[in-house]
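> Coordinates in protein_12.cif, mmCIF, C-alpha atoms and all ligand atoms, are listed below.
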data_upload
loop_
_atom_site.group_PDB
_atom_site.id
_atom_site.type_symbol
_atom_site.label_atom_id
_atom_site.label_comp_id
_atom_site.auth_asym_id
_atom_site.auth_seq_id
_atom_site.Cartn_x
_atom_site.Cartn_y
_atom_site.Cartn_z
ATOM 1 C CA MET M 28 0.000 0.000 0.000
ATOM 2 C CA ASP M 29 1.448 3.369 -0.987
ATOM 3 C CA MET M 30 0.661 5.911 1.683
ATOM 4 C CA HIS M 31 3.582 8.250 1.047
ATOM 5 C CA GLY M 32 2.681 11.903 1.424
ATOM 6 C CA LYS M 33 -0.572 11.287 3.256
ATOM 7 C CA VAL M 34 -1.207 12.959 6.621
ATOM 8 C CA ALA M 35 -2.809 11.521 9.748
ATOM 9 C CA ILE M 36 -3.777 13.076 13.060
ATOM 10 C CA VAL M 37 -3.595 10.544 15.896
ATOM 11 C CA THR M 38 -4.929 11.801 19.227
ATOM 12 C CA GLY M 39 -3.378 10.558 22.461
ATOM 13 C CA ALA M 40 -0.469 9.114 20.503
ATOM 14 C CA GLY M 41 2.158 9.949 23.114
ATOM 15 C CA GLN M 42 1.682 6.559 24.760
ATOM 16 C CA GLY M 43 -0.003 3.199 24.414
ATOM 17 C CA ILE M 44 -2.181 2.178 21.485
ATOM 18 C CA GLY M 45 -1.981 5.589 19.807
ATOM 19 C CA LYS M 46 1.818 5.479 19.867
ATOM 20 C CA ALA M 47 1.782 2.088 18.117
ATOM 21 C CA ILE M 48 -0.658 3.478 15.545
ATOM 22 C CA ALA M 49 1.643 6.465 14.929
ATOM 23 C CA LEU M 50 4.593 4.097 14.412
ATOM 24 C CA HIS M 51 2.681 1.789 12.030
ATOM 25 C CA PHE M 52 1.549 4.800 10.006
ATOM 26 C CA ALA M 53 4.986 6.436 9.888
ATOM 27 C CA GLN M 54 6.492 3.145 8.681
ATOM 28 C CA GLN M 55 4.163 3.389 5.660
ATOM 29 C CA GLY M 56 5.370 6.896 4.831
ATOM 30 C CA ILE M 57 2.399 8.671 6.385
ATOM 31 C CA ARG M 58 3.148 11.999 8.086
ATOM 32 C CA VAL M 59 1.685 11.985 11.582
ATOM 33 C CA THR M 60 0.531 14.708 13.958
ATOM 34 C CA ILE M 61 0.538 13.531 17.545
ATOM 35 C CA ALA M 62 -2.206 15.466 19.352
ATOM 36 C CA GLU M 63 -1.353 14.696 22.960
ATOM 37 C CA ILE M 64 -1.964 16.396 26.305
ATOM 38 C CA ASP M 65 1.119 14.988 28.084
ATOM 39 C CA GLU M 66 4.154 16.970 26.950
ATOM 40 C CA ALA M 67 6.761 14.453 28.126
ATOM 41 C CA ALA M 68 4.906 11.643 26.355
ATOM 42 C CA GLY M 69 4.533 13.660 23.144
ATOM 43 C CA SER M 70 8.167 14.754 22.965
ATOM 44 C CA GLU M 71 9.530 11.307 23.847
ATOM 45 C CA THR M 72 7.371 9.741 21.161
ATOM 46 C CA VAL M 73 8.767 11.985 18.437
ATOM 47 C CA GLU M 74 12.278 11.161 19.613
ATOM 48 C CA GLU M 75 11.737 7.413 20.033
ATOM 49 C CA LEU M 76 9.752 6.621 16.901
ATOM 50 C CA GLY M 77 12.416 8.021 14.593
ATOM 51 C CA HIS M 78 11.227 9.078 11.105
ATOM 52 C CA PRO M 79 12.659 12.601 11.484
ATOM 53 C CA GLY M 80 10.543 15.333 9.932
ATOM 54 C CA GLN M 81 7.642 12.946 9.534
ATOM 55 C CA ILE M 82 6.164 13.048 13.046
ATOM 56 C CA LEU M 83 4.985 16.287 14.637
ATOM 57 C CA TYR M 84 3.964 16.689 18.263
ATOM 58 C CA ILE M 85 1.375 19.352 19.015
ATOM 59 C CA PRO M 86 0.389 19.739 22.678
ATOM 60 C CA THR M 87 -3.396 19.365 22.653
ATOM 61 C CA ASP M 88 -6.232 18.747 25.044
ATOM 62 C CA VAL M 89 -8.814 17.220 22.716
ATOM 63 C CA ALA M 90 -11.602 18.390 25.034
ATOM 64 C CA VAL M 91 -10.773 22.067 24.459
ATOM 65 C CA GLU M 92 -12.072 23.410 21.161
ATOM 66 C CA ASP M 93 -9.581 26.189 20.527
ATOM 67 C CA GLN M 94 -6.686 23.776 21.169
ATOM 68 C CA VAL M 95 -8.176 21.341 18.647
ATOM 69 C CA GLN M 96 -8.655 24.147 16.106
ATOM 70 C CA ASP M 97 -5.068 25.265 16.605
ATOM 71 C CA MET M 98 -3.758 21.687 16.251
ATOM 72 C CA VAL M 99 -5.623 21.182 12.961
ATOM 73 C CA ALA M 100 -4.481 24.606 11.678
ATOM 74 C CA ARG M 101 -0.835 23.840 12.491
ATOM 75 C CA THR M 102 -1.068 20.451 10.790
ATOM 76 C CA LEU M 103 -2.476 22.095 7.649
ATOM 77 C CA GLN M 104 0.132 24.846 7.814
ATOM 78 C CA LEU M 105 2.957 22.321 7.867
ATOM 79 C CA TRP M 106 1.631 19.625 5.561
ATOM 80 C CA GLY M 107 -1.247 21.227 3.624
ATOM 81 C CA ARG M 108 -3.693 18.361 4.027
ATOM 82 C CA VAL M 109 -5.299 15.891 6.422
ATOM 83 C CA ASP M 110 -6.213 12.427 5.110
ATOM 84 C CA PHE M 111 -6.859 10.442 8.272
ATOM 85 C CA LEU M 112 -8.078 11.069 11.802
ATOM 86 C CA ILE M 113 -7.601 8.500 14.537
ATOM 87 C CA ASN M 114 -9.637 9.424 17.610
ATOM 88 C CA ASN M 115 -7.711 7.454 20.190
ATOM 89 C CA ALA M 116 -7.210 9.785 23.186
ATOM 90 C CA GLY M 117 -9.029 8.470 26.194
ATOM 91 C CA ILE M 118 -9.016 8.335 29.957
ATOM 92 C CA ALA M 119 -10.257 5.462 32.056
ATOM 93 C CA GLN M 120 -12.559 5.749 35.018
ATOM 94 C CA ALA M 121 -10.655 2.918 36.744
ATOM 95 C CA HIS M 122 -12.788 0.773 38.998
ATOM 96 C CA GLY M 123 -14.958 2.883 41.189
ATOM 97 C CA PRO M 124 -16.103 5.074 42.682
ATOM 98 C CA THR M 125 -19.635 3.772 42.903
ATOM 99 C CA VAL M 126 -22.233 5.680 40.940
ATOM 100 C CA ALA M 127 -23.374 7.242 44.232
ATOM 101 C CA ASP M 128 -19.887 8.631 44.812
ATOM 102 C CA LEU M 129 -18.966 9.489 41.228
ATOM 103 C CA SER M 130 -18.523 13.251 41.093
ATOM 104 C CA LEU M 131 -20.178 15.231 38.338
ATOM 105 C CA GLU M 132 -16.751 16.719 37.640
ATOM 106 C CA ARG M 133 -15.205 13.277 36.992
ATOM 107 C CA TRP M 134 -18.205 12.143 34.922
ATOM 108 C CA ASN M 135 -17.957 15.315 32.797
ATOM 109 C CA ARG M 136 -14.193 14.970 32.283
ATOM 110 C CA VAL M 137 -14.423 11.334 31.118
ATOM 111 C CA LEU M 138 -17.202 12.243 28.677
ATOM 112 C CA ALA M 139 -15.339 15.400 27.593
ATOM 113 C CA VAL M 140 -12.118 13.588 26.665
ATOM 114 C CA ASN M 141 -13.490 10.279 25.384
ATOM 115 C CA LEU M 142 -16.525 11.527 23.478
ATOM 116 C CA THR M 143 -16.583 15.328 23.114
ATOM 117 C CA GLY M 144 -12.901 15.253 22.110
ATOM 118 C CA LEU M 145 -13.778 12.888 19.275
ATOM 119 C CA PHE M 146 -16.574 15.233 18.192
ATOM 120 C CA LEU M 147 -14.317 18.298 18.247
ATOM 121 C CA CYS M 148 -11.496 16.638 16.312
ATOM 122 C CA THR M 149 -13.973 15.301 13.764
ATOM 123 C CA LYS M 150 -15.744 18.642 13.453
ATOM 124 C CA HIS M 151 -12.552 20.539 12.689
ATOM 125 C CA THR M 152 -10.966 17.969 10.365
ATOM 126 C CA SER M 153 -14.031 16.779 8.439
ATOM 127 C CA PRO M 154 -13.902 19.421 5.635
ATOM 128 C CA HIS M 155 -10.239 18.517 5.038
ATOM 129 C CA LEU M 156 -10.881 14.769 5.235
ATOM 130 C CA LYS M 157 -13.706 15.164 2.694
ATOM 131 C CA ALA M 158 -11.392 16.984 0.320
ATOM 132 C CA GLN M 159 -8.935 14.048 0.442
ATOM 133 C CA HIS M 160 -11.545 11.225 0.465
ATOM 134 C CA GLY M 161 -10.086 10.272 3.808
ATOM 135 C CA ALA M 162 -10.985 8.028 6.704
ATOM 136 C CA ILE M 163 -11.620 8.152 10.438
ATOM 137 C CA VAL M 164 -10.954 5.383 12.941
ATOM 138 C CA ASN M 165 -12.403 5.797 16.436
ATOM 139 C CA ILE M 166 -11.067 3.770 19.350
ATOM 140 C CA ALA M 167 -13.914 2.601 21.586
ATOM 141 C CA SER M 168 -13.690 -0.406 23.938
ATOM 142 C CA THR M 169 -15.374 -3.721 24.589
ATOM 143 C CA ARG M 170 -16.641 -1.855 27.672
ATOM 144 C CA ALA M 171 -19.137 -0.270 25.267
ATOM 145 C CA LEU M 172 -20.708 -3.746 25.200
ATOM 146 C CA MET M 173 -20.057 -5.279 28.626
ATOM 147 C CA SER M 174 -18.996 -4.077 32.065
ATOM 148 C CA GLU M 175 -17.344 -4.552 35.405
ATOM 149 C CA GLY M 176 -19.012 -2.724 38.275
ATOM 150 C CA ASN M 177 -18.493 0.982 38.900
ATOM 151 C CA THR M 178 -17.325 1.986 35.433
ATOM 152 C CA GLU M 179 -20.378 4.000 34.355
ATOM 153 C CA ALA M 180 -18.669 7.094 32.925
ATOM 154 C CA TYR M 181 -16.180 5.099 30.850
ATOM 155 C CA ALA M 182 -18.815 2.638 29.575
ATOM 156 C CA ALA M 183 -21.169 5.474 28.652
ATOM 157 C CA SER M 184 -18.415 7.361 26.834
ATOM 158 C CA LYS M 185 -17.392 4.295 24.825
ATOM 159 C CA GLY M 186 -20.993 3.413 23.993
ATOM 160 C CA GLY M 187 -21.174 6.940 22.622
ATOM 161 C CA VAL M 188 -18.040 6.359 20.539
ATOM 162 C CA VAL M 189 -19.575 3.261 18.917
ATOM 163 C CA ALA M 190 -22.817 5.136 18.197
ATOM 164 C CA ILE M 191 -21.266 8.322 16.809
ATOM 165 C CA SER M 192 -19.096 6.172 14.536
ATOM 166 C CA HIS M 193 -22.068 4.825 12.574
ATOM 167 C CA ALA M 194 -23.763 8.238 12.625
ATOM 168 C CA LEU M 195 -20.653 9.841 11.123
ATOM 169 C CA ALA M 196 -20.259 7.060 8.549
ATOM 170 C CA VAL M 197 -23.709 7.911 7.205
ATOM 171 C CA SER M 198 -23.233 11.697 7.428
ATOM 172 C CA LEU M 199 -19.732 11.899 5.925
ATOM 173 C CA GLY M 200 -20.038 9.187 3.275
ATOM 174 C CA PRO M 201 -19.200 8.632 0.511
ATOM 175 C CA ASN M 202 -16.227 10.961 0.829
ATOM 176 C CA VAL M 203 -15.065 9.868 4.285
ATOM 177 C CA ARG M 204 -15.266 6.348 5.721
ATOM 178 C CA VAL M 205 -15.686 6.073 9.486
ATOM 179 C CA ASN M 206 -15.010 2.909 11.458
ATOM 180 C CA CYS M 207 -14.565 1.995 15.075
ATOM 181 C CA ILE M 208 -12.258 -0.436 16.868
ATOM 182 C CA SER M 209 -13.258 -1.826 20.255
ATOM 183 C CA PRO M 210 -10.188 -3.268 21.945
ATOM 184 C CA GLY M 211 -10.337 -5.634 24.872
ATOM 185 C CA TRP M 212 -7.411 -6.012 27.280
ATOM 186 C CA ILE M 213 -4.369 -4.460 25.611
ATOM 187 C CA ASP M 214 -1.111 -4.366 27.559
ATOM 188 C CA VAL M 215 0.360 -0.904 26.986
ATOM 189 C CA SER M 216 3.005 -1.042 29.730
ATOM 190 C CA GLY M 217 5.922 -1.133 27.261
ATOM 191 C CA TRP M 218 4.483 1.797 25.247
ATOM 192 C CA LYS M 219 4.227 4.272 28.115
ATOM 193 C CA LYS M 220 6.410 7.368 28.542
ATOM 194 C CA ARG M 221 9.715 6.544 30.231
ATOM 195 C CA ALA M 222 8.625 7.574 33.715
ATOM 196 C CA LEU M 223 5.766 5.065 33.634
ATOM 197 C CA ARG M 224 7.256 2.316 31.464
ATOM 198 C CA ARG M 225 7.601 -1.072 33.080
ATOM 199 C CA GLU M 226 7.847 -4.781 32.358
ATOM 200 C CA ALA M 227 4.479 -6.387 31.905
ATOM 201 C CA ARG M 228 3.673 -8.748 34.777
ATOM 202 C CA HIS M 229 0.775 -10.976 33.804
ATOM 203 C CA SER M 230 0.010 -14.429 35.092
ATOM 204 C CA PRO M 231 -0.356 -17.413 32.761
ATOM 205 C CA GLU M 232 -4.067 -17.344 33.720
ATOM 206 C CA ASP M 233 -4.379 -13.752 32.518
ATOM 207 C CA HIS M 234 -3.264 -14.875 29.080
ATOM 208 C CA ALA M 235 -4.993 -18.267 29.047
ATOM 209 C CA GLN M 236 -8.467 -16.886 29.778
ATOM 210 C CA HIS M 237 -8.449 -15.363 26.303
ATOM 211 C CA PRO M 238 -9.643 -17.721 23.531
ATOM 212 C CA ALA M 239 -6.689 -16.354 21.501
ATOM 213 C CA GLY M 240 -4.343 -17.490 24.311
ATOM 214 C CA ARG M 241 -2.864 -14.126 25.185
ATOM 215 C CA ILE M 242 -3.495 -10.539 26.257
ATOM 216 C CA GLY M 243 -3.544 -8.033 23.399
ATOM 217 C CA ARG M 244 -0.730 -5.774 22.253
ATOM 218 C CA PRO M 245 -0.964 -2.207 20.897
ATOM 219 C CA GLU M 246 0.292 -3.581 17.572
ATOM 220 C CA ASP M 247 -2.877 -5.703 17.291
ATOM 221 C CA VAL M 248 -4.965 -2.536 17.195
ATOM 222 C CA ALA M 249 -2.487 -0.559 15.074
ATOM 223 C CA ALA M 250 -2.455 -3.197 12.326
ATOM 224 C CA LEU M 251 -6.244 -3.037 12.029
ATOM 225 C CA ALA M 252 -6.273 0.775 12.077
ATOM 226 C CA LEU M 253 -3.773 0.776 9.212
ATOM 227 C CA PHE M 254 -5.930 -1.643 7.228
ATOM 228 C CA LEU M 255 -9.075 0.409 7.872
ATOM 229 C CA ILE M 256 -7.575 3.606 6.444
ATOM 230 C CA SER M 257 -6.174 1.789 3.404
ATOM 231 C CA PRO M 258 -7.786 1.613 -0.046
ATOM 232 C CA GLU M 259 -8.226 -2.139 0.543
ATOM 233 C CA ALA M 260 -10.944 -1.232 3.095
ATOM 234 C CA SER M 261 -12.869 1.050 0.699
ATOM 235 C CA PHE M 262 -16.137 -0.940 1.116
ATOM 236 C CA ILE M 263 -15.937 -0.893 4.923
ATOM 237 C CA THR M 264 -17.620 1.954 6.795
ATOM 238 C CA GLY M 265 -19.818 2.322 9.868
ATOM 239 C CA ALA M 266 -18.472 -0.906 11.361
ATOM 240 C CA ASN M 267 -17.266 -1.693 14.873
ATOM 241 C CA PHE M 268 -14.398 -4.190 15.030
ATOM 242 C CA ILE M 269 -13.795 -6.059 18.266
ATOM 243 C CA VAL M 270 -10.130 -6.810 18.966
ATOM 244 C CA ASP M 271 -10.233 -8.709 22.235
ATOM 245 C CA GLY M 272 -8.759 -12.173 21.692
ATOM 246 C CA GLY M 273 -12.293 -13.565 21.805
ATOM 247 C CA MET M 274 -13.156 -12.480 25.361
ATOM 248 C CA THR M 275 -16.583 -11.041 24.497
ATOM 249 C CA ARG M 276 -17.471 -14.366 22.842
ATOM 250 C CA LYS M 277 -16.776 -16.402 25.949
ATOM 251 C CA MET M 278 -19.461 -17.363 28.460
ATOM 252 C CA HIS M 279 -18.694 -17.109 32.179
ATOM 253 C CA TYR M 280 -21.004 -18.994 34.515
ATOM 254 C CA ILE M 281 -18.703 -19.331 37.530
HETATM 255 N N1 LIG D 301 -5.341 -0.498 26.841
HETATM 256 C C1 LIG D 301 -6.506 -1.108 26.843
HETATM 257 O O1 LIG D 301 -6.660 -2.222 27.382
HETATM 258 C C2 LIG D 301 -7.690 -0.478 26.161
HETATM 259 C C3 LIG D 301 -8.836 -1.255 26.000
HETATM 260 C C4 LIG D 301 -9.948 -0.717 25.372
HETATM 261 C C5 LIG D 301 -9.908 0.587 24.895
HETATM 262 N N2 LIG D 301 -8.807 1.344 25.076
HETATM 263 C C6 LIG D 301 -8.840 2.712 24.552
HETATM 264 O O2 LIG D 301 -7.733 2.911 23.709
HETATM 265 C C7 LIG D 301 -7.334 4.281 23.751
HETATM 266 C C8 LIG D 301 -5.859 4.347 24.128
HETATM 267 O O3 LIG D 301 -5.712 3.732 25.394
HETATM 268 P P1 LIG D 301 -4.290 3.320 25.974
HETATM 269 O O4 LIG D 301 -4.493 2.100 26.769
HETATM 270 O O5 LIG D 301 -3.267 3.368 24.904
HETATM 271 O O6 LIG D 301 -4.100 4.512 27.021
HETATM 272 P P2 LIG D 301 -2.795 5.325 27.463
HETATM 273 O O7 LIG D 301 -3.172 6.006 28.726
HETATM 274 O O8 LIG D 301 -1.588 4.472 27.436
HETATM 275 O O9 LIG D 301 -2.650 6.407 26.294
HETATM 276 C C9 LIG D 301 -3.635 7.387 26.131
HETATM 277 C C10 LIG D 301 -2.966 8.696 25.779
HETATM 278 O O10 LIG D 301 -3.991 9.693 25.635
HETATM 279 C C11 LIG D 301 -3.495 10.890 26.207
HETATM 280 N N3 LIG D 301 -4.614 11.764 26.612
HETATM 281 C C12 LIG D 301 -5.406 11.660 27.705
HETATM 282 N N4 LIG D 301 -6.252 12.684 27.745
HETATM 283 C C13 LIG D 301 -6.017 13.447 26.647
HETATM 284 C C14 LIG D 301 -6.580 14.646 26.158
HETATM 285 N N5 LIG D 301 -7.556 15.277 26.821
HETATM 286 N N6 LIG D 301 -6.113 15.147 24.992
HETATM 287 C C15 LIG D 301 -5.105 14.520 24.325
HETATM 288 N N7 LIG D 301 -4.513 13.390 24.765
HETATM 289 C C16 LIG D 301 -4.977 12.868 25.908
HETATM 290 C C17 LIG D 301 -2.708 10.430 27.423
HETATM 291 O O11 LIG D 301 -1.807 11.431 27.881
HETATM 292 C C18 LIG D 301 -2.020 9.197 26.872
HETATM 293 O O12 LIG D 301 -0.751 9.486 26.329
HETATM 294 C C19 LIG D 301 -8.239 4.952 24.786
HETATM 295 O O13 LIG D 301 -9.317 5.579 24.117
HETATM 296 C C20 LIG D 301 -8.738 3.788 25.613
HETATM 297 O O14 LIG D 301 -9.988 4.058 26.209
HETATM 298 C C21 LIG D 301 -7.691 0.843 25.700
#
Turn the structure described in the file into structure tokens.

Amino acid sequence: MDMHGKVAIVTGAGQGIGKAIALHFAQQGIRVTIAEIDEAAGSETVEELGHPGQILYIPTDVAVEDQVQDMVARTLQLWGRVDFLINNAGIAQAHGPTVADLSLERWNRVLAVNLTGLFLCTKHTSPHLKAQHGAIVNIASTRALMSEGNTEAYAASKGGVVAISHALAVSLGPNVRVNCISPGWIDVSGWKKRALRREARHSPEDHAQHPAGRIGRPEDVAALALFLISPEASFITGANFIVDGGMTRKMHYI
């Protein structure tokens, strides 16, 4: 696939899944803007991924509209086009607090980053994506479909990501394809910024509970994102792809 000269914006690409997506894209010759709130993570990513001149870090809080506008404007200023948008930035609610103790402030922040951020980035890139017949990939979660207790804000935000993905596919087609990836358990420990990077410590049971026999890796998601933006995926839009090693297909009655 020849992607040379194309331009992607990947949000939250300073660490984890987004960082792997940025690397996969850069390896195909795509120029990548890393729209990331954590300055250490953003700068380290540019340095570590290599591909000098091909990866740009722009400090961005995706939940703040003027920062998103500025990030898109700077990308256009430098590269003159935007072909792909990967809405990956997200924050977890972790487990708890209970819904009775969940502050409105925390609820609003999770929704603001995970869902409103996607809306803002899409809003301000969509005219440019249309001009290039581009593509969007949104990163949801299998938690859009199933839950552990006390994860209401995160589950609601990711349910919203799945829903807005099919809405956008209908609204922006045929010029822009929009798909969604719902990852399951992805071990990002080796893709964190240096201060947080650590060896993964998972038990054999952690891996074995997955029908695929292992926990996921950021590369598993990045490979699918790359396929979904490629011309080979030109008949695929409005879909939600589950990348979870089979966990949502497994019954638990114990
Ligand atoms: N890792 C998993 O198991 C898993 C599973 C399902 C879904 N996801 C989703 O995948 C995406 C990436 O997750 P990850 O595990 O790589 O997380 P991560 O925390 O390793 O990376 C997320 C990055 O987003 C950045 N970020 C947070 N808020 C931001 C904001 N307001 N603006 C810009 N950047 C911001 C963070 O600084 C961080 O670098 C998230 O949307 C997450 O919900 C992850």
> Excluding range 251-264 of chain M and residues on its chain fewer than 2 positions from it, collect all residues at most 7 Å away from it, counting all atoms listed in the file, and give them as an mmCIF file with C-alpha atoms, in the frame of the given file.

data_model
loop_
_atom_site.group_PDB
_atom_site.id
_atom_site.type_symbol
_atom_site.label_atom_id
_atom_site.label_comp_id
_atom_site.auth_asym_id
_atom_site.auth_seq_id
_atom_site.Cartn_x
_atom_site.Cartn_y
_atom_site.Cartn_z
ATOM 1 C CA PHE M 52 1.549 4.800 10.006
ATOM 2 C CA ALA M 162 -10.985 8.028 6.704
ATOM 3 C CA VAL M 164 -10.954 5.383 12.941
ATOM 4 C CA ALA M 196 -20.259 7.060 8.549
ATOM 5 C CA ARG M 204 -15.266 6.348 5.721
ATOM 6 C CA VAL M 205 -15.686 6.073 9.486
ATOM 7 C CA ASN M 206 -15.010 2.909 11.458
ATOM 8 C CA ASP M 247 -2.877 -5.703 17.291
ATOM 9 C CA VAL M 248 -4.965 -2.536 17.195
ATOM 10 C CA ALA M 249 -2.487 -0.559 15.074
ATOM 11 C CA ALA M 266 -18.472 -0.906 11.361
#
> When the PyMOL selection byres (((chain M and resi 174-185) around 8) and not hetatm) is applied to the structure above, which residues does it catch, written out as a count of residues only?
24
> Using the chain letters and residue numbers of this document, give as an MDAnalysis selection string the residues selected by the PyMOL selection byres (((not hetatm)) within 8 of (chain D and resi 301)).
chainID M and resid 38:46 62:65 68:69 86:91 114:119 139:141 144 166:170 181 185 209:216 218:220 243 245
> Taking into account only C-alpha atoms, which residue in the set M:Ser70, M:Asn135, M:Asn202, M:Thr275 is nearest to His237 in chain M?
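Nearest candidate to His237 in chain M out of M:Ser70, M:Asn135, M:Asn202, M:Thr275: M:Thr275.
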> Report, in Å to a single decimal, how far apart CA of His155 in chain M and CA of Val109 in chain M are.
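So the answer is 5.8 Å.
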> In Å, with one decimal, what is the gap from CA of Thr149 in chain M to CA of Gly107 in chain M?
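If I compute the distance from CA of Thr149 in chain M to CA of Gly107 in chain M, I get 17.3 Å.
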> Give as JSON, numbers by chain the residues that the PyMOL selection byres (((chain M and resi 157) around 12) and not hetatm) matches when applied to the coordinates above.
{"M": [108, 109, 110, 111, 112, 149, 150, 151, 152, 153, 154, 155, 156, 158, 159, 160, 161, 162, 163, 196, 198, 199, 200, 201, 202, 203, 204, 205]}
> Quick one: pull the distance between CA of His78 in chain M and CA of Val34 in chain M, Å, one decimal.
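Taking CA of His78 in chain M and CA of Val34 in chain M, their separation equals 13.8 Å.
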> Please, which residues are within 10 Å of (-0.6, -14.4, 29.4) by the file's coordinates, counting only C-alpha atoms, and could they come as JSON, numbers by chain?
{"M": [227, 228, 229, 230, 231, 232, 233, 234, 235, 236, 237, 240, 241, 242, 243]}
> Quick one: of M:Arg221, M:Tyr84, M:Ala250, M:Phe268, who's nearest to His51 in chain M, counting all atoms listed in the file?
M:Ala250
> With only C-alpha atoms as the basis for distance, which of M:Arg276, M:Asp29, M:Leu76, M:Trp106 is at the shortest distance from Pro238 in chain M?
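Counting only C-alpha atoms, the residue closest to Pro238 in chain M is M:Arg276.
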> Excluding Val73 in chain M and its own-chain neighbours fewer than 6 positions away, which residues fall within 10 Å of it when counting all atoms listed in the file? Please give them as a ChimeraX atom specification.
/M:40-41,46,49-50,59-61,79-84
